[in-house]
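Here is query.tsv, consisting of TSV, C-alpha atoms and all ligand atoms:
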chain	number	residue	atom	x	y	z
A	1	MET	CA	-28.92	-91.78	60.94
A	2	SER	CA	-28.67	-94.05	57.95
A	3	VAL	CA	-25.56	-93.92	55.81
A	4	SER	CA	-26.02	-94.67	52.15
A	5	ARG	CA	-23.70	-97.17	50.54
A	6	ARG	CA	-22.36	-94.41	48.32
A	7	ASP	CA	-21.58	-92.11	51.28
A	8	PHE	CA	-19.90	-94.95	53.08
A	9	LEU	CA	-17.81	-95.86	50.08
A	10	ALA	CA	-16.88	-92.25	49.46
A	11	THR	CA	-15.12	-92.00	52.82
A	12	SER	CA	-13.39	-95.34	52.68
A	13	ALA	CA	-9.70	-95.49	51.95
A	14	THR	CA	-10.22	-98.77	50.16
A	15	THR	CA	-12.46	-97.02	47.72
A	16	ALA	CA	-9.88	-94.34	47.11
A	17	ALA	CA	-7.40	-97.01	46.13
A	18	ALA	CA	-9.98	-98.78	44.00
A	19	LEU	CA	-10.81	-95.53	42.22
A	20	ALA	CA	-7.14	-94.98	41.55
A	21	VAL	CA	-6.88	-98.40	39.95
A	22	SER	CA	-10.08	-98.06	37.98
A	23	ALA	CA	-9.06	-94.66	36.67
A	24	SER	CA	-5.64	-95.92	35.64
A	25	ARG	CA	-7.38	-98.68	33.69
A	26	GLY	CA	-9.23	-95.94	31.86
A	27	ASP	CA	-12.67	-96.76	33.33
A	28	ALA	CA	-15.28	-94.03	33.43
A	29	LEU	CA	-14.70	-91.55	36.23
A	30	PRO	CA	-17.02	-91.74	39.21
A	31	SER	CA	-19.60	-89.05	39.94
A	32	PRO	CA	-18.12	-85.54	39.89
A	33	VAL	CA	-19.90	-84.55	43.11
A	34	SER	CA	-17.40	-83.37	45.71
A	35	ARG	CA	-16.58	-85.97	48.32
A	36	LEU	CA	-14.98	-83.51	50.73
A	37	ALA	CA	-17.35	-81.61	52.99
A	38	PRO	CA	-16.75	-77.85	52.54
A	39	GLY	CA	-14.89	-76.55	55.53
A	40	GLY	CA	-14.57	-80.10	56.83
A	41	ALA	CA	-10.90	-80.63	56.17
A	42	ALA	CA	-8.44	-79.42	58.75
A	43	SER	CA	-5.69	-77.63	56.86
A	44	ARG	CA	-2.26	-76.14	57.25
A	45	PRO	CA	-0.82	-73.36	55.13
A	46	VAL	CA	1.16	-74.69	52.16
A	47	VAL	CA	2.41	-72.94	49.01
A	48	LEU	CA	3.40	-75.10	46.03
A	49	ALA	CA	5.04	-73.94	42.79
A	50	SER	CA	7.16	-74.87	39.83
A	51	SER	CA	10.84	-74.86	40.85
A	52	ASN	CA	11.44	-71.30	39.62
A	53	GLY	CA	9.00	-70.25	42.38
A	54	ILE	CA	11.48	-71.06	45.15
A	55	ARG	CA	11.70	-67.39	46.20
A	56	GLY	CA	8.01	-66.77	45.61
A	57	VAL	CA	6.70	-69.63	47.75
A	58	LYS	CA	8.41	-68.13	50.81
A	59	VAL	CA	7.00	-64.67	50.14
A	60	ALA	CA	3.51	-66.09	49.57
A	61	TYR	CA	3.70	-68.36	52.63
A	62	ASP	CA	4.77	-65.52	54.94
A	63	GLN	CA	1.93	-63.36	53.64
A	64	ILE	CA	-0.64	-66.15	54.09
A	65	VAL	CA	0.48	-66.81	57.66
A	66	ALA	CA	0.17	-63.07	58.32
A	67	GLY	CA	-3.43	-63.17	57.08
A	68	THR	CA	-3.20	-62.15	53.42
A	69	ASP	CA	-5.70	-63.75	51.05
A	70	THR	CA	-4.23	-66.80	49.28
A	71	LEU	CA	-4.62	-65.32	45.79
A	72	ASP	CA	-3.03	-61.99	46.66
A	73	ALA	CA	-0.20	-63.88	48.33
A	74	ILE	CA	0.61	-66.17	45.38
A	75	ILE	CA	0.38	-63.28	42.94
A	76	ALA	CA	2.98	-61.49	45.08
A	77	GLY	CA	5.00	-64.71	44.79
A	78	VAL	CA	4.82	-64.97	40.99
A	79	ASN	CA	5.42	-61.21	40.58
A	80	ILE	CA	9.00	-61.88	41.67
A	81	GLN	CA	9.60	-63.99	38.54
A	82	GLU	CA	7.48	-61.77	36.26
A	83	LEU	CA	9.62	-58.76	37.20
A	84	ASP	CA	12.94	-60.62	37.12
A	85	PRO	CA	14.63	-59.91	33.76
A	86	ASN	CA	16.77	-63.02	34.22
A	87	ASP	CA	13.81	-65.42	34.20
A	88	GLN	CA	13.33	-65.83	30.46
A	89	SER	CA	10.13	-67.85	30.85
A	90	VAL	CA	7.81	-65.17	32.13
A	91	GLY	CA	7.06	-61.42	32.21
A	92	LEU	CA	9.94	-58.98	31.74
A	93	GLY	CA	12.74	-60.73	29.83
A	94	GLY	CA	10.50	-63.57	28.63
A	95	LEU	CA	11.60	-65.10	25.33
A	96	PRO	CA	9.65	-63.60	22.41
A	97	ASN	CA	7.62	-65.04	19.56
A	98	GLU	CA	9.09	-65.70	16.12
A	99	GLU	CA	8.88	-62.00	15.27
A	100	GLY	CA	10.73	-60.92	18.41
A	101	VAL	CA	7.63	-59.73	20.30
A	102	VAL	CA	7.05	-60.83	23.91
A	103	GLN	CA	3.46	-62.05	24.29
A	104	LEU	CA	2.31	-63.18	27.73
A	105	ASP	CA	-0.45	-65.43	29.10
A	106	ALA	CA	-1.73	-65.69	32.69
A	107	SER	CA	-4.68	-66.89	34.71
A	108	VAL	CA	-5.82	-66.93	38.32
A	109	MET	CA	-8.52	-68.68	40.31
A	110	HIS	CA	-9.81	-67.80	43.76
A	111	GLY	CA	-11.27	-70.73	45.64
A	112	PRO	CA	-13.42	-69.09	48.32
A	113	THR	CA	-15.31	-66.87	45.86
A	114	ARG	CA	-15.22	-69.35	42.95
A	115	ARG	CA	-13.99	-66.61	40.60
A	116	ALA	CA	-11.43	-66.71	37.84
A	117	GLY	CA	-9.64	-64.29	35.50
A	118	ALA	CA	-7.21	-64.58	32.59
A	119	VAL	CA	-5.34	-62.69	29.89
A	120	ALA	CA	-3.94	-64.19	26.71
A	121	CYS	CA	-1.33	-62.88	24.30
A	122	ILE	CA	-0.94	-59.58	26.13
A	123	GLU	CA	2.02	-57.33	25.25
A	124	ASP	CA	3.99	-54.67	27.14
A	125	ILE	CA	2.69	-55.41	30.66
A	126	ALA	CA	5.20	-57.17	32.92
A	127	THR	CA	2.71	-58.59	35.43
A	128	PRO	CA	-0.08	-60.36	33.50
A	129	SER	CA	-1.05	-62.23	36.70
A	130	LEU	CA	-2.25	-58.92	38.14
A	131	VAL	CA	-4.09	-58.07	34.92
A	132	ALA	CA	-5.79	-61.50	35.10
A	133	LYS	CA	-6.87	-60.66	38.64
A	134	ALA	CA	-8.17	-57.28	37.47
A	135	VAL	CA	-10.26	-59.06	34.82
A	136	MET	CA	-11.65	-61.20	37.65
A	137	ASP	CA	-12.21	-58.28	40.01
A	138	TYR	CA	-13.59	-55.63	37.65
A	139	THR	CA	-15.39	-57.38	34.80
A	140	ASP	CA	-18.14	-59.88	34.22
A	141	HIS	CA	-15.77	-61.84	31.98
A	142	ILE	CA	-13.06	-64.41	32.51
A	143	MET	CA	-10.56	-63.87	29.70
A	144	LEU	CA	-9.37	-60.90	27.65
A	145	ALA	CA	-6.91	-61.30	24.79
A	146	GLY	CA	-4.39	-59.44	22.66
A	147	GLN	CA	-4.49	-55.68	22.08
A	148	ASP	CA	-7.77	-55.38	23.95
A	149	ALA	CA	-6.29	-57.04	27.02
A	150	ARG	CA	-3.44	-54.52	26.81
A	151	ARG	CA	-5.89	-51.63	26.47
A	152	PHE	CA	-7.85	-52.93	29.46
A	153	ALA	CA	-4.64	-53.09	31.49
A	154	VAL	CA	-3.67	-49.54	30.53
A	155	ASN	CA	-7.14	-48.33	31.51
A	156	MET	CA	-6.73	-50.09	34.84
A	157	GLY	CA	-3.52	-48.14	35.46
A	158	PHE	CA	-0.87	-50.71	34.51
A	159	LYS	CA	2.33	-49.24	33.10
A	160	THR	CA	3.51	-50.35	29.66
A	161	GLN	CA	7.17	-51.14	28.99
A	162	ASN	CA	9.33	-52.94	26.46
A	163	LEU	CA	9.56	-56.50	27.83
A	164	LEU	CA	12.27	-57.64	25.41
A	165	THR	CA	15.57	-57.51	27.30
A	166	GLU	CA	18.89	-57.33	25.49
A	167	LYS	CA	19.65	-60.96	26.42
A	168	SER	CA	16.32	-62.23	25.09
A	169	ARG	CA	16.72	-60.13	21.92
A	170	GLN	CA	20.17	-61.64	21.32
A	171	ASP	CA	18.81	-65.16	21.88
A	172	TRP	CA	16.01	-64.48	19.44
A	173	LEU	CA	18.43	-63.16	16.80
A	174	ARG	CA	20.61	-66.26	17.16
A	175	TRP	CA	17.60	-68.54	16.87
A	176	LYS	CA	16.42	-66.64	13.81
A	177	SER	CA	19.79	-66.66	12.09
A	178	ARG	CA	19.99	-70.47	12.38
A	179	LEU	CA	16.46	-71.16	11.31
A	180	ASN	CA	17.10	-71.77	7.67
A	181	ARG	CA	20.47	-72.26	5.98
A	182	GLY	CA	19.14	-70.95	2.71
A	183	ASP	CA	17.82	-67.63	4.00
A	184	ALA	CA	19.54	-64.25	3.95
A	185	TRP	CA	20.44	-64.33	7.66
A	186	LEU	CA	24.07	-65.36	8.24
A	187	ASP	CA	24.81	-67.84	11.01
A	188	HIS	CA	26.84	-66.46	13.94
A	189	ASP	CA	30.21	-68.08	14.33
A	190	ASP	CA	29.80	-68.60	18.08
A	191	ASP	CA	28.72	-72.04	19.18
A	192	ILE	CA	25.90	-71.10	21.53
A	193	ARG	CA	22.96	-73.36	20.73
A	194	ILE	CA	19.62	-71.69	21.19
A	195	LYS	CA	17.07	-74.38	21.76
A	196	PHE	CA	13.39	-74.40	21.42
A	197	THR	CA	12.43	-73.50	24.99
A	198	THR	CA	9.50	-73.50	27.37
A	199	GLY	CA	9.05	-72.12	30.89
A	200	THR	CA	6.40	-70.69	33.16
A	201	ILE	CA	5.57	-70.23	36.82
A	202	ASN	CA	2.60	-71.95	38.44
A	203	MET	CA	1.79	-71.34	42.11
A	204	ASN	CA	-0.98	-72.76	44.32
A	205	ALA	CA	-1.74	-72.17	47.98
A	206	VAL	CA	-3.96	-73.23	50.85
A	207	ASN	CA	-4.29	-71.40	54.17
A	208	ALA	CA	-5.15	-72.66	57.66
A	209	ALA	CA	-8.87	-72.23	56.94
A	210	GLY	CA	-8.58	-74.54	53.92
A	211	ASP	CA	-9.08	-71.73	51.38
A	212	LEU	CA	-7.25	-72.25	48.11
A	213	SER	CA	-6.04	-70.23	45.11
A	214	SER	CA	-4.01	-70.91	41.98
A	215	CYS	CA	-2.12	-68.84	39.41
A	216	THR	CA	-0.04	-69.47	36.29
A	217	THR	CA	1.88	-66.87	34.30
A	218	THR	CA	4.20	-67.25	31.30
A	219	SER	CA	5.78	-65.88	28.17
A	220	GLY	CA	4.81	-69.23	26.62
A	221	MET	CA	6.83	-71.19	24.12
A	222	ALA	CA	9.84	-69.36	22.83
A	223	TRP	CA	9.69	-68.48	19.09
A	224	LYS	CA	5.98	-69.29	18.90
A	225	VAL	CA	3.78	-68.25	16.01
A	226	PRO	CA	2.48	-64.74	16.83
A	227	GLY	CA	-0.92	-64.96	18.48
A	228	ARG	CA	-0.33	-68.45	19.85
A	229	VAL	CA	-2.03	-68.95	23.20
A	230	GLY	CA	-0.80	-71.73	25.46
A	231	ASP	CA	-2.36	-73.56	28.37
A	232	SER	CA	-1.45	-71.04	31.07
A	233	PRO	CA	-4.43	-68.68	30.61
A	234	ILE	CA	-6.91	-71.51	30.12
A	235	ILE	CA	-8.87	-72.19	33.28
A	236	GLY	CA	-8.70	-75.95	33.84
A	237	ALA	CA	-5.51	-76.40	31.81
A	238	GLY	CA	-2.80	-74.04	33.12
A	239	GLN	CA	-4.32	-73.98	36.59
A	240	TYR	CA	-7.51	-74.86	38.41
A	241	CYS	CA	-8.80	-74.64	41.92
A	242	ASP	CA	-11.92	-75.95	43.65
A	243	ASN	CA	-12.17	-74.79	47.24
A	244	THR	CA	-13.76	-78.06	48.34
A	245	VAL	CA	-10.97	-80.25	46.94
A	246	GLY	CA	-7.64	-78.66	45.98
A	247	ALA	CA	-5.67	-76.84	43.32
A	248	ALA	CA	-3.42	-77.86	40.45
A	249	GLY	CA	-1.35	-76.30	37.70
A	250	SER	CA	1.13	-77.00	34.97
A	251	THR	CA	4.32	-75.90	33.24
A	252	GLY	CA	5.78	-77.23	30.00
A	253	ARG	CA	4.32	-77.97	26.60
A	254	GLY	CA	0.92	-76.28	26.74
A	255	GLU	CA	-0.39	-77.93	23.59
A	256	ALA	CA	-0.12	-81.32	25.31
A	257	ASN	CA	-1.87	-80.10	28.45
A	258	ILE	CA	-4.74	-78.24	26.78
A	259	LYS	CA	-6.08	-81.44	25.23
A	260	VAL	CA	-6.58	-83.10	28.62
A	261	CYS	CA	-7.48	-80.00	30.69
A	262	GLY	CA	-4.76	-81.29	33.01
A	263	ALA	CA	-5.25	-79.02	36.04
A	264	PHE	CA	-8.99	-79.66	36.09
A	265	LEU	CA	-8.44	-83.37	35.59
A	266	ALA	CA	-5.98	-83.53	38.50
A	267	VAL	CA	-8.48	-81.85	40.81
A	268	GLU	CA	-11.19	-84.26	39.63
A	269	PHE	CA	-8.99	-87.27	40.34
A	270	MET	CA	-8.30	-85.90	43.83
A	271	ARG	CA	-12.01	-85.23	44.34
A	272	ASN	CA	-12.56	-88.89	43.67
A	273	GLY	CA	-10.02	-90.04	46.22
A	274	ALA	CA	-6.64	-90.04	44.49
A	275	THR	CA	-3.64	-88.67	46.37
A	276	PRO	CA	-1.86	-85.75	44.65
A	277	GLU	CA	0.83	-88.17	43.39
A	278	GLN	CA	-1.74	-90.63	42.00
A	279	ALA	CA	-3.76	-87.83	40.44
A	280	LEU	CA	-0.78	-86.32	38.65
A	281	ILE	CA	0.56	-89.61	37.36
A	282	LYS	CA	-2.87	-90.39	35.94
A	283	VAL	CA	-2.99	-86.98	34.28
A	284	MET	CA	0.44	-87.62	32.77
A	285	GLU	CA	-0.71	-90.98	31.46
A	286	ARG	CA	-3.75	-89.29	29.93
A	287	VAL	CA	-1.50	-86.68	28.28
A	288	ILE	CA	0.58	-89.41	26.66
A	289	ALA	CA	-2.52	-91.32	25.56
A	290	MET	CA	-3.74	-88.13	23.85
A	291	THR	CA	-0.42	-87.27	22.18
A	292	GLU	CA	-0.01	-87.50	18.41
A	293	LYS	CA	2.63	-89.91	17.11
A	294	ARG	CA	5.05	-87.27	15.83
A	295	LEU	CA	5.70	-86.22	19.44
A	296	LEU	CA	6.35	-89.72	20.76
A	297	ASP	CA	9.41	-91.92	20.27
A	298	ASP	CA	9.18	-95.53	19.10
A	299	ASN	CA	8.45	-96.63	22.68
A	300	GLY	CA	5.55	-94.21	22.95
A	301	ARG	CA	7.43	-91.84	25.24
A	302	PRO	CA	7.06	-88.08	24.80
A	303	TYR	CA	9.78	-85.86	23.36
A	304	PHE	CA	8.45	-82.87	25.26
A	305	ASP	CA	8.60	-81.70	28.87
A	306	LEU	CA	5.45	-81.23	30.89
A	307	ASN	CA	5.10	-80.89	34.67
A	308	PHE	CA	2.05	-80.86	36.91
A	309	TYR	CA	1.65	-79.69	40.50
A	310	ALA	CA	-1.24	-80.48	42.85
A	311	LEU	CA	-2.23	-79.44	46.36
A	312	THR	CA	-5.15	-80.68	48.47
A	313	LYS	CA	-7.37	-78.69	50.79
A	314	ASP	CA	-5.77	-80.49	53.74
A	315	GLY	CA	-2.24	-79.55	52.67
A	316	ARG	CA	-0.94	-82.64	50.85
A	317	TYR	CA	0.97	-81.90	47.66
A	318	ALA	CA	3.03	-83.34	44.79
A	319	GLY	CA	4.75	-82.49	41.52
A	320	ALA	CA	4.95	-84.86	38.56
A	321	SER	CA	6.75	-85.06	35.25
A	322	ALA	CA	7.07	-87.63	32.52
A	323	TYR	CA	10.80	-88.14	33.20
A	324	GLU	CA	12.82	-88.49	36.38
A	325	GLY	CA	14.74	-85.37	37.37
A	326	SER	CA	12.21	-82.55	37.66
A	327	ASP	CA	11.73	-80.54	40.83
A	328	PHE	CA	9.15	-78.30	42.38
A	329	ALA	CA	9.18	-75.66	45.12
A	330	VAL	CA	7.16	-75.84	48.31
A	331	CYS	CA	6.89	-73.81	51.51
A	332	ASP	CA	5.13	-74.83	54.71
A	333	GLU	CA	5.93	-74.70	58.43
A	334	LYS	CA	9.26	-76.39	57.65
A	335	GLY	CA	10.33	-73.55	55.32
A	336	ALA	CA	10.90	-73.17	51.57
A	337	ARG	CA	12.58	-76.03	49.76
A	338	ILE	CA	12.92	-77.88	46.47
A	339	GLU	CA	11.49	-81.41	46.27
A	340	LYS	CA	11.50	-84.08	43.57
A	341	CYS	CA	8.65	-84.74	41.20
A	342	VAL	CA	7.19	-88.23	40.84
A	343	TYR	CA	7.62	-89.51	37.30
A	344	LEU	CA	6.68	-92.17	34.79
A	345	TYR	CA	10.05	-92.93	33.18
A	346	LYS	CA	13.65	-93.10	34.37
A	347	LYS	CA	16.14	-90.53	33.05
A	348	GLU	CA	17.80	-93.15	30.86
A	349	GLN	CA	14.50	-93.80	29.08
A	350	ARG	CA	14.31	-90.26	27.78
A	351	PRO	CA	14.72	-89.95	23.99
A	352	THR	CA	17.94	-88.12	23.22
A	353	ALA	CA	16.69	-85.61	20.66
A	354	SER	CA	13.42	-83.90	20.02
A	355	PRO	CA	12.32	-83.16	16.45
A	356	ARG	CA	11.92	-79.50	17.54
A	357	GLU	CA	15.51	-79.04	18.71
A	358	THR	CA	17.82	-77.21	16.35
A	401	LIG	N1	3.00	-73.95	29.44
A	401	LIG	C1	3.57	-72.84	28.76
A	401	LIG	C2	2.91	-72.72	27.43
A	401	LIG	O1	2.73	-73.71	26.76
A	401	LIG	C3	5.02	-72.91	28.53
A	401	LIG	C4	5.84	-73.54	29.58
A	401	LIG	O2	5.42	-73.78	30.67
A	401	LIG	O3	7.00	-73.83	29.31
A	401	LIG	O4	2.65	-71.61	27.04
Could I get this file's structure written as structure tokens?
Ligand code: ASP
Amino acid sequence: MSVSRRDFLATSATTAAALAVSASRGDALPSPVSRLAPGGAASRPVVLASSNGIRGVKVAYDQIVAGTDTLDAIIAGVNIQELDPNDQSVGLGGLPNEEGVVQLDASVMHGPTRRAGAVACIEDIATPSLVAKAVMDYTDHIMLAGQDARRFAVNMGFKTQNLLTEKSRQDWLRWKSRLNRGDAWLDHDDDIRIKFTTGTINMNAVNAAGDLSSCTTTSGMAWKVPGRVGDSPIIGAGQYCDNTVGAAGSTGRGEANIKVCGAFLAVEFMRNGATPEQALIKVMERVIAMTEKRLLDDNGRPYFDLNFYALTKDGRYAGASAYEGSDFAVCDEKGARIEKCVYLYKKEQRPTASPRET
């Protein structure tokens, strides 16, 4: 059987390294055709998440090992954070928009069936990840938004509830009272500083058969303009999964991620031979290259936080952030644990203040 030069190159480790170098130089990406034979990669179950998923990765892993579908398992994992009133980055207790209303985004992708679902700016439903899956399971569409997403959820049997907890309402009031010295809201005399905040949970999984899924769910940026939709519900930005290659997702400043379709880009880099670490570092470099000046310091380093997570079909994984010090959660046969993200800049290189901080 003859082997074409392209096929030969595609399987060579040297080429993988060369691709990594060429991509980091900004050369055109190689052909987008998958280089991994479907079903060809031996796998091991692995669940990967942002660090707030440390409880969820264990739940999802145990379910996957017991035979549960990877998407159902990771949704069970993220539900823990969505329903936890103390996680102010997602679901119940999420920090609200500038008018004090909690608006949630979520998306899911199921590798084996190549399906996806999402909801954007949905109110009053604590588990938008499950609504995103219902969009995938019961409609011919991929994303529903706003009041119509809420109505869809209610029709599907989801319960509505007030998602604004007392703690999040107090934080919002403090933020609001300090917004503008000249307005009619008096500043509190306590010294609690309420910062501009972000937070989200992304979770990705692969099972022993090499089947993958991904999910991201969030209350988005705290104090956002009502109606703002972040990266989390955008397939290819907040999360992405291709059953022949791997899965990836993101947490942090969605506006920076949307412009590079970071989760999709990470999977494409891995398709073309990059390791998860290489892929995520290249995505981070692309983010910075696409960032407007007002969000970069004089050295061209970002003021914002953004993390990426990537998992291959054969169970390799990584997390990445711009600055040293971020973590991610992972669970495999060695159990659930927190590991360190790879990064571009040392802690000391981080600018001290962001223009958005109050
Ligand atoms: N990525 C989310 C968003 O921009 C927020 C976050 O992860 O902190 O909506």
Listing only residues of chain A within 8 Å of ligand LIG 401 (chain A), what is the closest atom pair and its distance in Å (to one decimal) for each, using only C-alpha atoms and all ligand atoms, sorted by chain and residue number ascending, as JSON lines?
{"residue": "A:Ser89", "atom": "CA", "partner": "A:LIG401", "partner_atom": "O3", "distance": 6.9}
{"residue": "A:Asp105", "atom": "CA", "partner": "A:LIG401", "partner_atom": "O4", "distance": 7.2}
{"residue": "A:Thr197", "atom": "CA", "partner": "A:LIG401", "partner_atom": "O3", "distance": 6.9}
{"residue": "A:Thr198", "atom": "CA", "partner": "A:LIG401", "partner_atom": "O3", "distance": 3.2}
{"residue": "A:Gly199", "atom": "CA", "partner": "A:LIG401", "partner_atom": "O3", "distance": 3.1}
{"residue": "A:Thr200", "atom": "CA", "partner": "A:LIG401", "partner_atom": "O2", "distance": 4.1}
{"residue": "A:Ile201", "atom": "CA", "partner": "A:LIG401", "partner_atom": "O2", "distance": 7.1}
{"residue": "A:Thr218", "atom": "CA", "partner": "A:LIG401", "partner_atom": "C1", "distance": 6.2}
{"residue": "A:Ser219", "atom": "CA", "partner": "A:LIG401", "partner_atom": "O4", "distance": 6.6}
{"residue": "A:Gly220", "atom": "CA", "partner": "A:LIG401", "partner_atom": "O4", "distance": 3.2}
{"residue": "A:Met221", "atom": "CA", "partner": "A:LIG401", "partner_atom": "C3", "distance": 5.1}
{"residue": "A:Val229", "atom": "CA", "partner": "A:LIG401", "partner_atom": "O4", "distance": 6.6}
{"residue": "A:Gly230", "atom": "CA", "partner": "A:LIG401", "partner_atom": "O4", "distance": 3.8}
{"residue": "A:Asp231", "atom": "CA", "partner": "A:LIG401", "partner_atom": "O1", "distance": 5.3}
{"residue": "A:Ser232", "atom": "CA", "partner": "A:LIG401", "partner_atom": "N1", "distance": 5.6}
{"residue": "A:Gly238", "atom": "CA", "partner": "A:LIG401", "partner_atom": "N1", "distance": 6.9}
{"residue": "A:Ser250", "atom": "CA", "partner": "A:LIG401", "partner_atom": "N1", "distance": 6.6}
{"residue": "A:Thr251", "atom": "CA", "partner": "A:LIG401", "partner_atom": "O2", "distance": 3.5}
{"residue": "A:Gly252", "atom": "CA", "partner": "A:LIG401", "partner_atom": "O2", "distance": 3.5}
{"residue": "A:Arg253", "atom": "CA", "partner": "A:LIG401", "partner_atom": "O1", "distance": 4.5}
{"residue": "A:Gly254", "atom": "CA", "partner": "A:LIG401", "partner_atom": "O1", "distance": 3.1}
{"residue": "A:Glu255", "atom": "CA", "partner": "A:LIG401", "partner_atom": "O1", "distance": 6.1}
{"residue": "A:Asn257", "atom": "CA", "partner": "A:LIG401", "partner_atom": "N1", "distance": 7.9}
{"residue": "A:Leu306", "atom": "CA", "partner": "A:LIG401", "partner_atom": "O2", "distance": 7.5}
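Going from CA of Ile142 in chain A over to CA of Arg115 in chain A, you cover 8.4 Å.
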**Request:** Please provide as a list of chain:residue names all residues within 9 Å of range 159-174 of chain A, with the sequence filter that same-chain residues fewer than 6 positions apart are discarded (counting all atoms listed in the file).
**Result:**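 Neighbouring residues, sequence-local ones excluded: A:Pro85, A:Asn86, A:Gln88, A:Gly91, A:Leu92, A:Gly93, A:Gly94, A:Leu95, A:Pro96, A:Asn97, A:Glu98, A:Glu99, A:Gly100, A:Val101, A:Val102, A:Gln103, A:Glu123, A:Asp124, A:Ile125, A:Ala126, A:Arg150, A:Ala153, A:Asp187, A:His188, A:Ile192, A:Arg193, A:Ile194, A:Ala222, A:Trp223.
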**Asked** CA of Thr291 in chain A and CA of Phe304 in chain A are how many Å apart?
**Response**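 One can read the CA of Thr291 in chain A to CA of Phe304 in chain A distance as 10.4 Å.
For the pair CA of Glu285 in chain A and CA of Arg316 in chain A, the separation is 21.1 Å.
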As an mmCIF file, in the coordinates of the input, could you write out range 235-246 of chain A once it has been completed with N, CA, C and O atoms?
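After the write, rebuild.cif holds the following:
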data_model
loop_
_atom_site.group_PDB
_atom_site.id
_atom_site.type_symbol
_atom_site.label_atom_id
_atom_site.label_comp_id
_atom_site.auth_asym_id
_atom_site.auth_seq_id
_atom_site.Cartn_x
_atom_site.Cartn_y
_atom_site.Cartn_z
ATOM 1 N N ILE A 235 -8.397 -71.689 31.992
ATOM 2 C CA ILE A 235 -8.870 -72.190 33.280
ATOM 3 C C ILE A 235 -9.153 -73.683 33.117
ATOM 4 O O ILE A 235 -9.907 -74.079 32.230
ATOM 5 N N GLY A 236 -8.522 -74.490 33.958
ATOM 6 C CA GLY A 236 -8.700 -75.950 33.840
ATOM 7 C C GLY A 236 -7.515 -76.610 33.176
ATOM 8 O O GLY A 236 -7.321 -77.814 33.310
ATOM 9 N N ALA A 237 -6.720 -75.836 32.432
ATOM 10 C CA ALA A 237 -5.510 -76.400 31.810
ATOM 11 C C ALA A 237 -4.286 -75.900 32.588
ATOM 12 O O ALA A 237 -3.645 -76.657 33.305
ATOM 13 N N GLY A 238 -3.977 -74.600 32.455
ATOM 14 C CA GLY A 238 -2.800 -74.040 33.120
ATOM 15 C C GLY A 238 -2.901 -74.046 34.628
ATOM 16 O O GLY A 238 -1.897 -74.156 35.332
ATOM 17 N N GLN A 239 -4.086 -73.889 35.139
ATOM 18 C CA GLN A 239 -4.320 -73.980 36.590
ATOM 19 C C GLN A 239 -5.802 -74.156 36.833
ATOM 20 O O GLN A 239 -6.640 -73.846 35.978
ATOM 21 N N TYR A 240 -6.107 -74.685 38.024
ATOM 22 C CA TYR A 240 -7.510 -74.860 38.410
ATOM 23 C C TYR A 240 -7.569 -75.005 39.916
ATOM 24 O O TYR A 240 -6.645 -75.521 40.541
ATOM 25 N N CYS A 241 -8.669 -74.551 40.481
ATOM 26 C CA CYS A 241 -8.800 -74.640 41.920
ATOM 27 C C CYS A 241 -10.272 -74.792 42.280
ATOM 28 O O CYS A 241 -11.124 -74.119 41.717
ATOM 29 N N ASP A 242 -10.568 -75.742 43.138
ATOM 30 C CA ASP A 242 -11.920 -75.950 43.650
ATOM 31 C C ASP A 242 -11.789 -75.940 45.169
ATOM 32 O O ASP A 242 -11.101 -76.801 45.738
ATOM 33 N N ASN A 243 -12.419 -74.986 45.810
ATOM 34 C CA ASN A 243 -12.170 -74.790 47.240
ATOM 35 C C ASN A 243 -12.594 -75.968 48.106
ATOM 36 O O ASN A 243 -12.244 -76.040 49.267
ATOM 37 N N THR A 244 -13.361 -76.893 47.541
ATOM 38 C CA THR A 244 -13.760 -78.060 48.340
ATOM 39 C C THR A 244 -12.773 -79.225 48.180
ATOM 40 O O THR A 244 -12.883 -80.223 48.896
ATOM 41 N N VAL A 245 -11.847 -79.110 47.234
ATOM 42 C CA VAL A 245 -10.970 -80.250 46.940
ATOM 43 C C VAL A 245 -9.477 -79.882 46.984
ATOM 44 O O VAL A 245 -8.705 -80.422 47.776
ATOM 45 N N GLY A 246 -9.059 -78.979 46.088
ATOM 46 C CA GLY A 246 -7.640 -78.660 45.980
ATOM 47 C C GLY A 246 -7.372 -77.802 44.759
ATOM 48 O O GLY A 246 -8.304 -77.304 44.103
#
